[in-house]
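Student: Starting off with a structure, shown below.
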Amino acid sequence: MNRLNLRRAAALAAGALIGLAGVAIAASPASAHHSEIKVTAECDTAAGEWVTTWTVRTYAPAGVSSYRLIKAEASSLTGEAAAPLAVAGIATTPDGADPQYPHKVSDALVGTARLAGTATEASLTVQAEWDNTFRERDAKSASIKFSESCDKVVTPPPAQANPTATVTSDCAGEVTVKLDNAAEATKDAAFTVTGTDGFRETAEVAPGKSATVTVPAKNAGKIKVTEAGQEQPLFNDKPAEAKDCVEPGEPSGSYQSTCDELVFQIENPKDGKTVEITFTPNKGEAQKLVVQPGETKTVKFKAFEGLKVTPTADGLDDSEPIAWEKPKDCTPGGGGGQTDGPTLPVTGPQAGAIAGGAVLLLAAGAVLFVIARRRRVRFTA
């Protein structure tokens, strides 16, 4: 190459360098304005949803402090089906005659979006404009793909018992504590029963089952029933006394409506006291029974429509009549029926000699009445 050509080549090279330098200077402001997006996702197993978190950051030269989004679009993809996606916290800034730039360049803009657990992809596209009116030429995008579904995991509630307790006393003062655990319980119930003078007994009761604890009379002054999973005791008190108790040596009786008669019978145990009862019909003569210990005696009244017989004795405040009721299937000379009787209150000194309170078992179709030692005479079918 001759010297002239060398000079021309050097001149062309110098011009090219000057041009590149000019391009770099012109492009430097453009490279300083840009935005970027990052995204993360977590599976919310309680809801069976993907929770995506989107973070937008923008960069600008010194002196540029804020920006706005002129574009913010998000979408989700499930299989091949696309759908718009709302990202809470990231949205376009409305246009106006006096544009607002609400976001600080120095702060990250963070938004979240929930997607169905079956979603396969999500994406967000933004485009920024800064308060120096510089606008990104190309929007920026980011996306995330889900390689598997986010399945809902149902956590069963903690197992718990459903306990109840009933406390009943008998006439001897012994207490029965019935412990139940309802069928819908999901855990065994752990009961503890305590009484006076150190009585303590525990019981494990499965769902739908029950158990009983017997507390002797000497330990039954106060009873407490607790269950391991309950804050308060199920029972913590003195048991209620049994009612209508029959004391040893108390007599019992029965009455029966037959087709022909209304029959009363008194049975006095050997260890009882003498019982005197007068039976007065609404028509006819009264009959009196004096029943010694160890005796059984009977009185009969000829039946007729409207027959009523009133038992009376010393110590009875109120005596109500017992009516004869004709049996449904009556044949001449036979048949029998059963009826319920009234209650007769008992007071006075004779109350100690008149027995009763609890109904005895029926025998051979007889209808029982009980003579109450403390409060009343009760006639029952």
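The way I read the labels, and the way they are meant: chains A, B, ... in the order of the structure tokens, residue 1 as the first residue of every chain, and ligand 1 as the first ligand shown, with later ones counted on from there.
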Can you list, as JSON, numbers by chain, every protein, DNA or RNA residue that comes within 7 Å of Ser75 in chain A when you count only C-alpha atoms, leaving out same-chain residues fewer than 4 positions away?

Tutor: {"A": [82, 83, 84, 85, 122, 123, 124]}

Student: Between CA of Asp329 in chain A and CA of Cys259 in chain A, what distance in Å does the model show, to one decimal?

Tutor: 8.7 Å

Student: Name the closest residue to Phe304 in chain A among the candidates A:Phe199, A:Thr212, A:Thr258, A:Val290; distances are taken between atoms, counting only C-alpha atoms.

Tutor: A:Thr258

Student: I'd like the neighbourhood of Gln232 in chain A as JSON, numbers by chain, where a residue qualifies if any of its atoms comes within 12 Å (using only C-alpha atoms), though same-chain residues fewer than 5 positions away should be ignored.

Tutor: {"A": [163, 164, 224, 225, 226, 227]}

Student: Would you list the contacts of range 113-115 of chain A as a VMD selection string, taking every protein, DNA or RNA residue within 6 Å and counting only C-alpha atoms, but skipping same-chain residues closer than 6 positions in sequence?

Tutor: chain A and resid 49 to 52 87

Student: Which residues, written as a PyMOL selection string, have at least one atom at most 10 Å from range 143-154 of chain A, with only C-alpha atoms counted and residues fewer than 4 positions away on the same chain left out?

Tutor: chain A and resi 37-52+54+74-78+115-125

Student: With C-alpha atoms retained, export the selected residues as an mmCIF file, in the first residue's frame.

Tutor:
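Dumped everything to result-v2.cif:
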```cif
data_model
loop_
_atom_site.group_PDB
_atom_site.id
_atom_site.type_symbol
_atom_site.label_atom_id
_atom_site.label_comp_id
_atom_site.auth_asym_id
_atom_site.auth_seq_id
_atom_site.Cartn_x
_atom_site.Cartn_y
_atom_site.Cartn_z
ATOM 1 C CA ILE A 37 -39.357 -8.181 37.095
ATOM 2 C CA LYS A 38 -38.767 -11.100 39.415
ATOM 3 C CA VAL A 39 -41.332 -13.687 40.454
ATOM 4 C CA THR A 40 -41.558 -16.432 43.079
ATOM 5 C CA ALA A 41 -44.335 -18.889 43.937
ATOM 6 C CA GLU A 42 -45.433 -20.972 46.907
ATOM 7 C CA CYS A 43 -48.073 -23.659 47.215
ATOM 8 C CA ASP A 44 -50.801 -22.867 49.756
ATOM 9 C CA THR A 45 -51.806 -26.425 50.656
ATOM 10 C CA ALA A 46 -54.639 -25.237 52.922
ATOM 11 C CA ALA A 47 -56.393 -23.679 49.906
ATOM 12 C CA GLY A 48 -54.872 -25.716 47.077
ATOM 13 C CA GLU A 49 -53.662 -22.527 45.318
ATOM 14 C CA TRP A 50 -50.405 -21.119 43.999
ATOM 15 C CA VAL A 51 -49.413 -17.814 45.612
ATOM 16 C CA THR A 52 -47.183 -15.798 43.284
ATOM 17 C CA TRP A 54 -44.094 -10.278 41.708
ATOM 18 C CA ALA A 74 -50.775 -10.371 33.696
ATOM 19 C CA SER A 75 -52.215 -13.697 32.594
ATOM 20 C CA SER A 76 -52.320 -17.308 33.677
ATOM 21 C CA LEU A 77 -52.314 -20.514 31.695
ATOM 22 C CA THR A 78 -53.983 -23.788 32.632
ATOM 23 C CA LEU A 115 -53.794 -19.009 40.919
ATOM 24 C CA ALA A 116 -55.632 -22.301 40.862
ATOM 25 C CA GLY A 117 -53.544 -25.241 41.938
ATOM 26 C CA THR A 118 -53.879 -26.661 38.415
ATOM 27 C CA ALA A 119 -52.329 -23.605 36.712
ATOM 28 C CA THR A 120 -49.291 -24.375 34.589
ATOM 29 C CA GLU A 121 -47.880 -20.883 33.937
ATOM 30 C CA ALA A 122 -48.245 -17.198 34.862
ATOM 31 C CA SER A 123 -46.696 -14.065 33.361
ATOM 32 C CA LEU A 124 -46.517 -10.295 33.957
ATOM 33 C CA THR A 125 -45.600 -7.544 31.506
#
```

Student: Write out as a PyMOL selection string the residues lying within 9 Å of Glu36 in chain A, counting only C-alpha atoms and excluding same-chain residues fewer than 3 positions away.

Tutor: chain A and resi 55-59+126+140-142

Student: Restrict the selected residues to C-alpha atoms and save them as a PDB file, in the first residue's frame.

Tutor:
```
ATOM      1  CA  THR A  55     -41.375  -7.658  42.328  1.00  0.00           C
ATOM      2  CA  VAL A  56     -40.845  -4.751  39.909  1.00  0.00           C
ATOM      3  CA  ARG A  57     -37.788  -2.519  40.151  1.00  0.00           C
ATOM      4  CA  THR A  58     -36.902   0.407  37.882  1.00  0.00           C
ATOM      5  CA  TYR A  59     -33.603   2.191  37.297  1.00  0.00           C
ATOM      6  CA  VAL A 126     -44.874  -3.936  32.536  1.00  0.00           C
ATOM      7  CA  LYS A 140     -40.445  -6.021  30.122  1.00  0.00           C
ATOM      8  CA  SER A 141     -41.902  -9.433  30.950  1.00  0.00           C
ATOM      9  CA  ALA A 142     -41.366 -12.280  33.365  1.00  0.00           C
TER      10      ALA A 142
END
```
